[in-house]
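Enquirer: Please find structure22.txt (compact mmCIF, C-alpha atoms) on the next line:
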```txt
# COMPACT_ATOMS: atom_id res chain seq x y z
CA MET A 1 121.12 67.15 132.66
CA THR A 2 124.76 68.15 133.21
CA THR A 3 125.90 71.76 133.70
CA GLN A 4 127.52 71.68 130.26
CA GLN A 5 124.28 70.43 128.67
CA GLN A 6 122.32 73.18 130.41
CA ALA A 7 124.74 75.84 129.14
CA THR A 8 124.48 74.46 125.61
CA THR A 9 120.68 74.47 125.76
CA THR A 10 120.64 78.07 127.04
CA VAL A 11 122.91 79.29 124.25
CA THR A 12 120.99 77.38 121.62
CA THR A 13 117.66 78.80 122.79
CA ALA A 14 119.01 82.37 122.84
CA GLU A 15 120.44 82.07 119.32
CA ASP A 16 117.26 80.42 118.07
CA ASP A 17 115.18 83.33 119.42
CA GLY A 18 117.39 85.77 117.48
CA VAL A 19 116.98 83.72 114.31
CA ARG A 20 113.20 83.68 114.78
CA ARG A 21 113.16 87.48 115.20
CA ALA A 22 115.26 87.97 112.08
CA VAL A 23 113.02 85.69 109.99
CA ALA A 24 109.90 87.53 111.20
CA HIS A 25 111.45 90.83 110.12
CA LEU A 26 112.45 89.40 106.74
CA THR A 27 108.95 88.05 106.11
CA THR A 28 107.74 91.61 106.66
CA VAL A 29 110.38 92.92 104.23
CA LEU A 30 109.31 90.52 101.50
CA GLU A 31 105.61 91.32 101.92
CA ASN A 32 106.18 95.07 101.77
CA LEU A 33 108.41 94.97 98.69
CA GLY A 34 105.47 93.66 96.68
CA PRO A 35 103.43 96.89 96.38
CA GLU A 36 106.54 98.85 95.38
CA HIS A 37 107.45 96.42 92.62
CA GLN A 38 103.84 96.35 91.43
CA ALA A 39 103.76 100.16 91.26
CA LEU A 40 107.00 100.25 89.29
CA ARG A 41 105.70 97.66 86.81
CA THR A 42 102.56 99.75 86.30
CA GLU A 43 104.64 102.91 85.83
CA GLU A 44 106.88 101.09 83.35
CA ALA A 45 103.87 100.11 81.24
CA LYS A 46 102.60 103.70 81.16
CA THR A 47 105.96 105.40 80.46
CA SER A 48 106.83 106.05 76.82
CA ALA A 49 110.03 108.15 77.19
CA ARG A 50 112.89 105.68 76.65
CA GLU A 51 115.38 106.97 79.24
CA ARG A 52 112.71 107.49 81.88
CA ARG A 53 111.30 104.02 81.22
CA GLY A 54 114.80 102.52 81.43
CA THR A 55 115.27 104.06 84.86
CA VAL A 56 111.97 102.64 86.08
CA ILE A 57 112.86 99.18 84.72
CA ARG A 58 116.21 99.32 86.53
CA MET A 59 114.45 100.23 89.77
CA GLY A 60 112.10 97.28 89.42
CA GLU A 61 115.02 94.94 88.79
CA GLY A 62 116.65 96.24 91.99
CA ILE A 63 113.54 95.33 93.97
CA VAL A 64 113.62 91.82 92.45
CA GLN A 65 117.29 91.38 93.40
CA ALA A 66 116.61 92.54 96.94
CA ALA A 67 113.65 90.18 97.27
CA ARG A 68 115.77 87.28 96.01
CA ALA A 69 118.48 88.06 98.57
CA VAL A 70 115.86 88.24 101.34
CA ALA A 71 114.49 84.83 100.32
CA LEU A 72 118.02 83.34 100.38
CA THR A 73 118.58 84.86 103.84
CA VAL A 74 115.42 83.23 105.17
CA GLU A 75 116.58 79.90 103.73
CA ALA A 76 119.96 80.27 105.45
CA LEU A 77 118.37 81.21 108.77
CA ALA A 78 115.95 78.29 108.51
CA THR A 79 119.03 76.08 108.17
CA VAL A 80 120.50 77.66 111.29
CA HIS A 81 117.25 77.08 113.16
CA GLY A 82 117.20 73.41 112.08
CA LEU A 83 120.83 72.86 113.06
CA LEU A 84 120.28 74.39 116.48
CA ASP A 85 117.04 72.50 117.00
CA LEU A 86 118.77 69.21 116.19
CA GLY A 87 121.81 70.08 118.26
CA VAL A 88 124.11 69.81 115.26
CA THR A 89 127.46 71.57 115.50
CA TRP A 90 130.45 71.67 113.20
CA ARG A 91 131.77 68.12 113.52
CA PHE A 92 134.37 66.09 111.67
CA SER A 93 134.75 62.37 111.34
CA LYS A 94 137.22 60.99 113.87
CA THR A 95 140.50 59.23 113.37
CA ALA A 96 141.25 55.98 115.20
CA ASP A 97 142.82 57.93 118.04
CA GLY A 98 139.92 60.43 118.32
CA GLY A 99 141.30 63.38 116.34
CA ASP A 100 139.49 65.28 113.57
CA TYR A 101 139.49 63.40 110.27
CA THR A 102 139.17 66.03 107.51
CA PRO A 103 139.21 64.04 104.23
CA LEU A 104 135.50 63.31 104.71
CA PRO A 105 132.80 66.02 104.62
CA SER A 106 132.06 67.75 107.93
CA LEU A 107 128.68 68.56 109.43
CA PRO A 108 127.62 72.20 108.81
CA ASP A 109 128.29 75.00 111.27
CA SER A 110 125.42 77.29 112.31
CA THR A 111 127.77 80.26 112.86
CA GLU A 112 129.16 80.02 109.33
CA THR A 113 125.59 79.94 108.03
CA LEU A 114 124.84 83.11 110.00
CA TYR A 115 127.76 84.80 108.23
CA GLN A 116 126.27 83.69 104.90
CA ALA A 117 122.93 85.17 105.95
CA LEU A 118 124.65 88.51 106.64
CA THR A 119 126.18 88.40 103.15
CA TYR A 120 122.70 87.98 101.63
CA LEU A 121 121.32 90.83 103.77
CA ASP A 122 124.12 93.09 102.61
CA GLU A 123 123.32 92.16 98.99
CA ALA A 124 119.67 93.12 99.60
CA SER A 125 120.62 96.54 100.97
CA VAL A 126 123.04 97.17 98.08
CA ALA A 127 120.36 96.21 95.54
CA LEU A 128 117.86 98.64 97.09
CA GLY A 129 120.50 101.36 97.18
CA LYS A 130 121.16 100.92 93.47
CA ALA A 131 117.43 100.89 92.72
CA TYR A 132 117.02 104.34 94.28
CA THR A 133 120.24 105.95 93.05
CA PRO A 134 119.23 109.27 91.42
CA THR A 135 120.10 109.68 87.74
CA LYS A 136 121.27 112.97 86.22
CA LYS A 137 118.28 113.31 83.90
CA HIS A 138 115.57 111.99 86.17
CA PRO A 139 116.64 112.44 89.81
CA GLY A 140 113.01 112.80 90.88
CA LEU A 141 112.33 109.13 90.07
CA ALA A 142 114.55 107.94 92.93
CA VAL A 143 111.74 107.89 95.48
CA ALA A 144 109.42 105.16 96.74
CA ARG A 145 106.09 104.84 94.94
CA CYS A 146 104.64 103.22 98.07
CA PRO A 147 106.52 105.12 100.82
CA GLU A 148 104.63 103.59 103.75
CA GLN A 149 105.34 100.02 102.68
CA MET A 150 108.95 100.77 101.74
CA GLN A 151 109.53 102.43 105.09
CA VAL A 152 108.36 99.23 106.79
CA ALA A 153 110.52 97.12 104.45
CA LEU A 154 113.70 99.13 105.09
CA THR A 155 113.10 99.32 108.84
CA SER A 156 112.53 95.55 108.99
CA LEU A 157 115.58 94.82 106.84
CA ARG A 158 117.71 96.85 109.23
CA ALA A 159 116.22 95.07 112.25
CA ALA A 160 116.93 91.66 110.68
CA MET A 161 120.56 92.58 109.97
CA GLU A 162 120.96 93.88 113.52
CA ALA A 163 119.48 90.66 114.96
CA VAL A 164 121.82 88.43 112.93
CA CYS A 165 124.84 90.55 113.90
CA ALA A 166 123.84 90.13 117.55
CA ASP A 167 123.61 86.34 117.11
CA VAL A 168 127.06 86.19 115.55
CA ALA A 169 128.27 88.01 118.69
CA ASP A 170 131.50 89.10 117.02
CA ALA A 171 132.68 92.68 117.59
CA GLU A 172 134.56 92.71 114.28
CA THR A 173 131.45 91.59 112.36
CA THR A 174 129.27 94.13 114.15
CA ALA A 175 131.71 96.89 113.17
CA GLU A 176 131.86 95.59 109.58
CA TYR A 177 128.09 95.85 109.10
CA ALA A 178 127.55 99.08 111.07
CA PRO A 179 127.84 101.20 107.85
CA ALA A 180 125.14 99.04 106.23
CA LEU A 181 122.78 99.75 109.14
CA THR A 182 123.45 103.48 108.83
CA PHE A 183 122.97 103.28 105.05
CA LEU A 184 119.51 101.69 105.45
CA ASP A 185 118.48 104.49 107.81
CA GLU A 186 119.65 107.12 105.34
CA LEU A 187 118.01 105.35 102.41
CA LYS A 188 114.69 105.21 104.28
CA ASP A 189 114.84 108.94 105.08
CA ARG A 190 115.67 109.80 101.47
CA VAL A 191 113.27 107.66 99.47
CA CYS A 192 110.30 107.38 101.86
CA ARG A 193 109.43 111.04 102.25
CA PRO A 194 105.94 111.24 103.75
CA VAL A 195 103.24 112.93 101.69
CA PRO A 196 102.46 116.32 103.31
CA ALA A 197 99.20 116.28 105.21
CA PHE A 198 97.04 119.37 104.81
CA LYS A 199 93.94 120.33 106.69
CA HIS A 200 92.23 121.63 103.53
CA VAL A 201 93.53 123.16 100.32
CA VAL A 202 90.96 125.30 98.51
CA VAL A 203 91.68 126.50 94.94
CA SER A 204 89.59 129.30 93.47
CA THR A 205 87.80 128.79 90.14
CA GLU A 206 89.42 132.02 88.90
CA LEU A 207 92.85 130.48 89.26
CA LEU A 208 91.83 127.44 87.24
CA ARG A 209 90.35 129.69 84.54
CA ASP A 210 93.59 131.73 84.42
CA LEU A 211 95.63 128.54 83.89
CA VAL A 212 93.41 127.49 81.00
CA ALA A 213 93.29 130.97 79.46
CA ALA A 214 97.08 131.31 79.60
CA GLY A 215 97.45 128.23 77.37
CA THR A 216 99.86 126.61 79.80
CA GLY A 217 101.64 123.39 78.87
CA ARG A 218 102.18 120.22 80.88
CA VAL A 219 105.26 121.49 82.74
CA GLU A 220 103.52 124.74 83.77
CA ARG A 221 100.44 122.86 84.98
CA ASP A 222 102.54 120.38 86.96
CA VAL A 223 104.55 123.17 88.58
CA ALA A 224 101.38 125.12 89.38
CA MET A 225 99.82 122.02 90.96
CA TRP A 226 102.98 121.42 93.01
CA LEU A 227 102.80 124.99 94.31
CA MET A 228 99.10 124.62 95.11
CA LEU A 229 99.83 121.55 97.23
CA GLN A 230 102.49 123.53 99.09
CA ALA A 231 99.87 126.09 100.15
CA GLY A 232 101.30 128.36 102.81
CA GLN A 233 104.88 127.19 102.12
CA GLN A 234 105.59 128.40 98.57
CA ARG A 235 108.04 131.07 99.72
CA HIS A 236 110.36 128.33 100.95
CA ARG A 237 110.50 126.46 97.67
CA SER A 238 113.68 125.95 95.63
CA THR A 239 113.50 125.25 91.91
CA ASP A 240 115.93 122.32 92.13
CA LYS A 241 113.67 120.69 94.72
CA ILE A 242 110.61 121.12 92.48
CA ALA A 243 112.54 119.73 89.52
CA ALA A 244 113.72 116.71 91.51
CA GLN A 245 110.24 115.86 92.78
CA LEU A 246 108.55 116.31 89.39
CA GLY A 247 111.29 114.69 87.31
CA TYR A 248 111.99 117.81 85.17
CA GLU A 249 115.15 119.75 84.43
CA GLN A 250 115.68 122.81 86.65
CA SER A 251 115.70 125.04 83.54
CA GLN A 252 112.22 123.74 82.63
CA VAL A 253 110.91 124.61 86.09
CA ASP A 254 112.49 128.09 85.98
CA GLU A 255 110.88 128.73 82.61
CA ALA A 256 107.51 127.45 83.83
CA LEU A 257 107.61 129.75 86.88
CA GLU A 258 108.39 132.69 84.65
CA LYS A 259 105.43 131.90 82.37
CA LEU A 260 103.09 131.44 85.36
CA GLN A 261 104.13 134.80 86.78
CA LYS A 262 103.54 136.54 83.44
CA ALA A 263 100.11 134.88 83.22
CA GLY A 264 99.19 136.38 86.60
CA VAL A 265 98.97 133.01 88.33
CA LEU A 266 101.84 133.79 90.72
CA ARG A 267 102.34 136.77 92.98
CA GLU A 268 105.66 138.62 92.98
CA ASP A 269 106.84 136.62 96.00
CA GLY A 270 106.18 133.36 94.12
CA THR A 271 103.02 132.31 95.96
CA VAL A 272 99.92 131.24 94.06
CA HIS A 273 96.85 133.46 93.72
CA GLY A 274 93.56 131.96 94.82
CA VAL A 275 94.89 129.12 97.01
CA HIS A 276 93.87 128.85 100.65
CA CYS A 277 95.12 126.38 103.25
CA GLY A 278 92.78 126.19 106.19
CA THR A 279 89.20 125.19 106.93
CA ALA A 280 86.92 124.11 104.12
CA SER A 281 84.55 126.99 104.70
CA ALA A 282 87.21 129.71 104.36
```
Can the structure from this file be put into structure tokens for me?
Expert:
Amino acid sequence: MTTQQQATTTVTTAEDDGVRRAVAHLTTVLENLGPEHQALRTEEAKTSARERRGTVIRMGEGIVQAARAVALTVEALATVHGLLDLGVTWRFSKTADGGDYTPLPSLPDSTETLYQALTYLDEASVALGKAYTPTKKHPGLAVARCPEQMQVALTSLRAAMEAVCADVADAETTAEYAPALTFLDELKDRVCRPVPAFKHVVVSTELLRDLVAAGTGRVERDVAMWLMLQAGQQRHRSTDKIAAQLGYEQSQVDEALEKLQKAGVLREDGTVHGVHCGTASA
């Protein structure tokens, strides 16, 4: 084997390893988008409010678009892998004197296919960004229904994009897609908020009786439940945060808090009577 052949083999193997890593990440992305789409379809079927249902439908469509772009990326990278494995490079037919003859089709170029793969990856990230763009009326819907799986999906999508950028080995391309990598990090932090873990939350029967006796409506009960789950942290709440997480208007939450305080469910500092965060025996 000549020195030139050895160099070609080394480069081909290195690029092929990067393609394999990217495809492995993208397989993980596709698998983990499934539970999120399933949850959104279930939510769509159970939602009667037209605007709220429309938002959920749009989110599901965004997941479908992202999945389609991921599938196209894998197809493009599989083409790259095949070209490298077969030793195919961008070649033209030759003229009689050995020059490139362009009127006939050329053989494909693996680098150009890598650029196409990056385009698909960017489309996937844009589709997910649109899916989780908060709306004015229902900003609280712009969160992952399956945060653990979506966190894996977004992390893997970022890793795949980074791997393909590294294979392209072009400083200009790396700089072009750097904002997309940052965007995926920010999107993951925003929509995949972990569910707070509590040691134990104990609610007194008196509190439950007070809620029933006060004739509270759905908004008041939802707000009260939110506060119960924040046991020990209620003083740090903000009404816009509660509204965003529950999908209500801030004015509805303010009114609910006022009603709960009048009913004796809340203390003056806004904490809930009869809720304890600690050991089960307390």
Enquirer: Would you kindly return, as a list in words, each protein, DNA or RNA residue with an atom no farther than 9 Å from any atom of Leu40 in chain A, considering all atoms listed in the file and excluding same-chain residues fewer than 2 positions away?
Expert: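 What passes the distance filter is Pro35, Glu36, His37, Gln38, Thr42, Glu43, Glu44, Ala45, Val56, Ile57, Met59, Gly60 and Arg145 of chain A.
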Enquirer: Mind dumping the selected residues with C-alpha atoms as an mmCIF file, in the frame of the given file?
Expert:
```
data_model
loop_
_atom_site.group_PDB
_atom_site.id
_atom_site.type_symbol
_atom_site.label_atom_id
_atom_site.label_comp_id
_atom_site.auth_asym_id
_atom_site.auth_seq_id
_atom_site.Cartn_x
_atom_site.Cartn_y
_atom_site.Cartn_z
ATOM 1 C CA PRO A 35 103.430 96.890 96.380
ATOM 2 C CA GLU A 36 106.540 98.850 95.380
ATOM 3 C CA HIS A 37 107.450 96.420 92.620
ATOM 4 C CA GLN A 38 103.840 96.350 91.430
ATOM 5 C CA THR A 42 102.560 99.750 86.300
ATOM 6 C CA GLU A 43 104.640 102.910 85.830
ATOM 7 C CA GLU A 44 106.880 101.090 83.350
ATOM 8 C CA ALA A 45 103.870 100.110 81.240
ATOM 9 C CA VAL A 56 111.970 102.640 86.080
ATOM 10 C CA ILE A 57 112.860 99.180 84.720
ATOM 11 C CA MET A 59 114.450 100.230 89.770
ATOM 12 C CA GLY A 60 112.100 97.280 89.420
ATOM 13 C CA ARG A 145 106.090 104.840 94.940
#
```
Enquirer: Can you work out which one of A:Ala142, A:Ala117, A:Ala171, A:Ala69 has the shortest atom-to-atom distance to Gly247 in chain A, counting all atoms listed in the file?
Expert: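 Residue with the minimum atom-to-atom distance to Gly247 in chain A: A:Ala142.
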Enquirer: For the atom pair CA of Val223 in chain A and CA of Glu148 in chain A, what is the interatomic distance in Å to one decimal place?
Expert: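 Atom-to-atom, CA of Val223 in chain A and CA of Glu148 in chain A are spaced 24.8 Å apart.
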Enquirer: Have a look at CA of Glu162 in chain A and CA of Gly129 in chain A and let me know their distance in Å, one decimal.
Expert: 18.0 Å
Enquirer: May I have the residues within 6 Å of range 20-22 of chain A as a list in words, using only C-alpha atoms and disregarding those fewer than 2 positions away in the same chain?
Expert: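 The neighbour list is Asp17, Gly18, Ala24, His25, Ala160 and Ala163 of chain A.
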Enquirer: In Å, how far is it from CA of Glu75 in chain A to CA of Leu121 in chain A?
Expert: 11.9 Å
Enquirer: Write out as a PyMOL selection string which residues come within 8 Å of Pro147 in chain A when counting all atoms listed in the file, dropping same-chain ones fewer than 2 positions away.
Expert: chain A and resi 143-145+149-151+191-194
Enquirer: So which residues touch Leu26 in chain A within 12 Å, counting all atoms listed in the file, skipping near sequence neighbours fewer than 2 positions away, as a PyMOL selection string?
Expert: chain A and resi 19-24+28-33+66-78+117+120-121+124+152-164
Enquirer: Select all residues near (137.0, 65.2, 111.0) (cut-off 8 Å, inclusive, file coordinates), counting all atoms listed in the file, and output them as a ChimeraX atom specification.
Expert: /A:91-95,99-106
Enquirer: Determine the nearest neighbour of Thr113 in chain A from the options A:Leu86, A:Val168, A:Leu227, A:Ala39, counting all atoms listed in the file.
Expert: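 Closest residue, counting all atoms listed in the file: A:Val168.
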Enquirer: Please identify all polymer residues within 10 Å of Thr55 in chain A, counting all atoms listed in the file, omitting same-chain residues fewer than 2 positions from it, and present them as a CSV table (one decimal) with C-alpha atoms, in the coordinates of the input.
Expert:
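Output file out-v2.csv is given in full below:
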```
chain,number,residue,atom,x,y,z
A,44,GLU,CA,106.9,101.1,83.4
A,50,ARG,CA,112.9,105.7,76.6
A,51,GLU,CA,115.4,107.0,79.2
A,52,ARG,CA,112.7,107.5,81.9
A,53,ARG,CA,111.3,104.0,81.2
A,57,ILE,CA,112.9,99.2,84.7
A,58,ARG,CA,116.2,99.3,86.5
A,59,MET,CA,114.4,100.2,89.8
A,60,GLY,CA,112.1,97.3,89.4
A,61,GLU,CA,115.0,94.9,88.8
A,131,ALA,CA,117.4,100.9,92.7
A,132,TYR,CA,117.0,104.3,94.3
A,133,THR,CA,120.2,106.0,93.0
A,134,PRO,CA,119.2,109.3,91.4
A,135,THR,CA,120.1,109.7,87.7
A,137,LYS,CA,118.3,113.3,83.9
A,138,HIS,CA,115.6,112.0,86.2
A,139,PRO,CA,116.6,112.4,89.8
A,141,LEU,CA,112.3,109.1,90.1
A,142,ALA,CA,114.6,107.9,92.9
```
Enquirer: Using all atoms listed in the file, which residue out of A:Leu114, A:Gly140, A:Asp170, A:Thr182 lies closest to Lys241 in chain A?
Expert: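 Among the listed residues, A:Gly140 lies closest to Lys241 in chain A.
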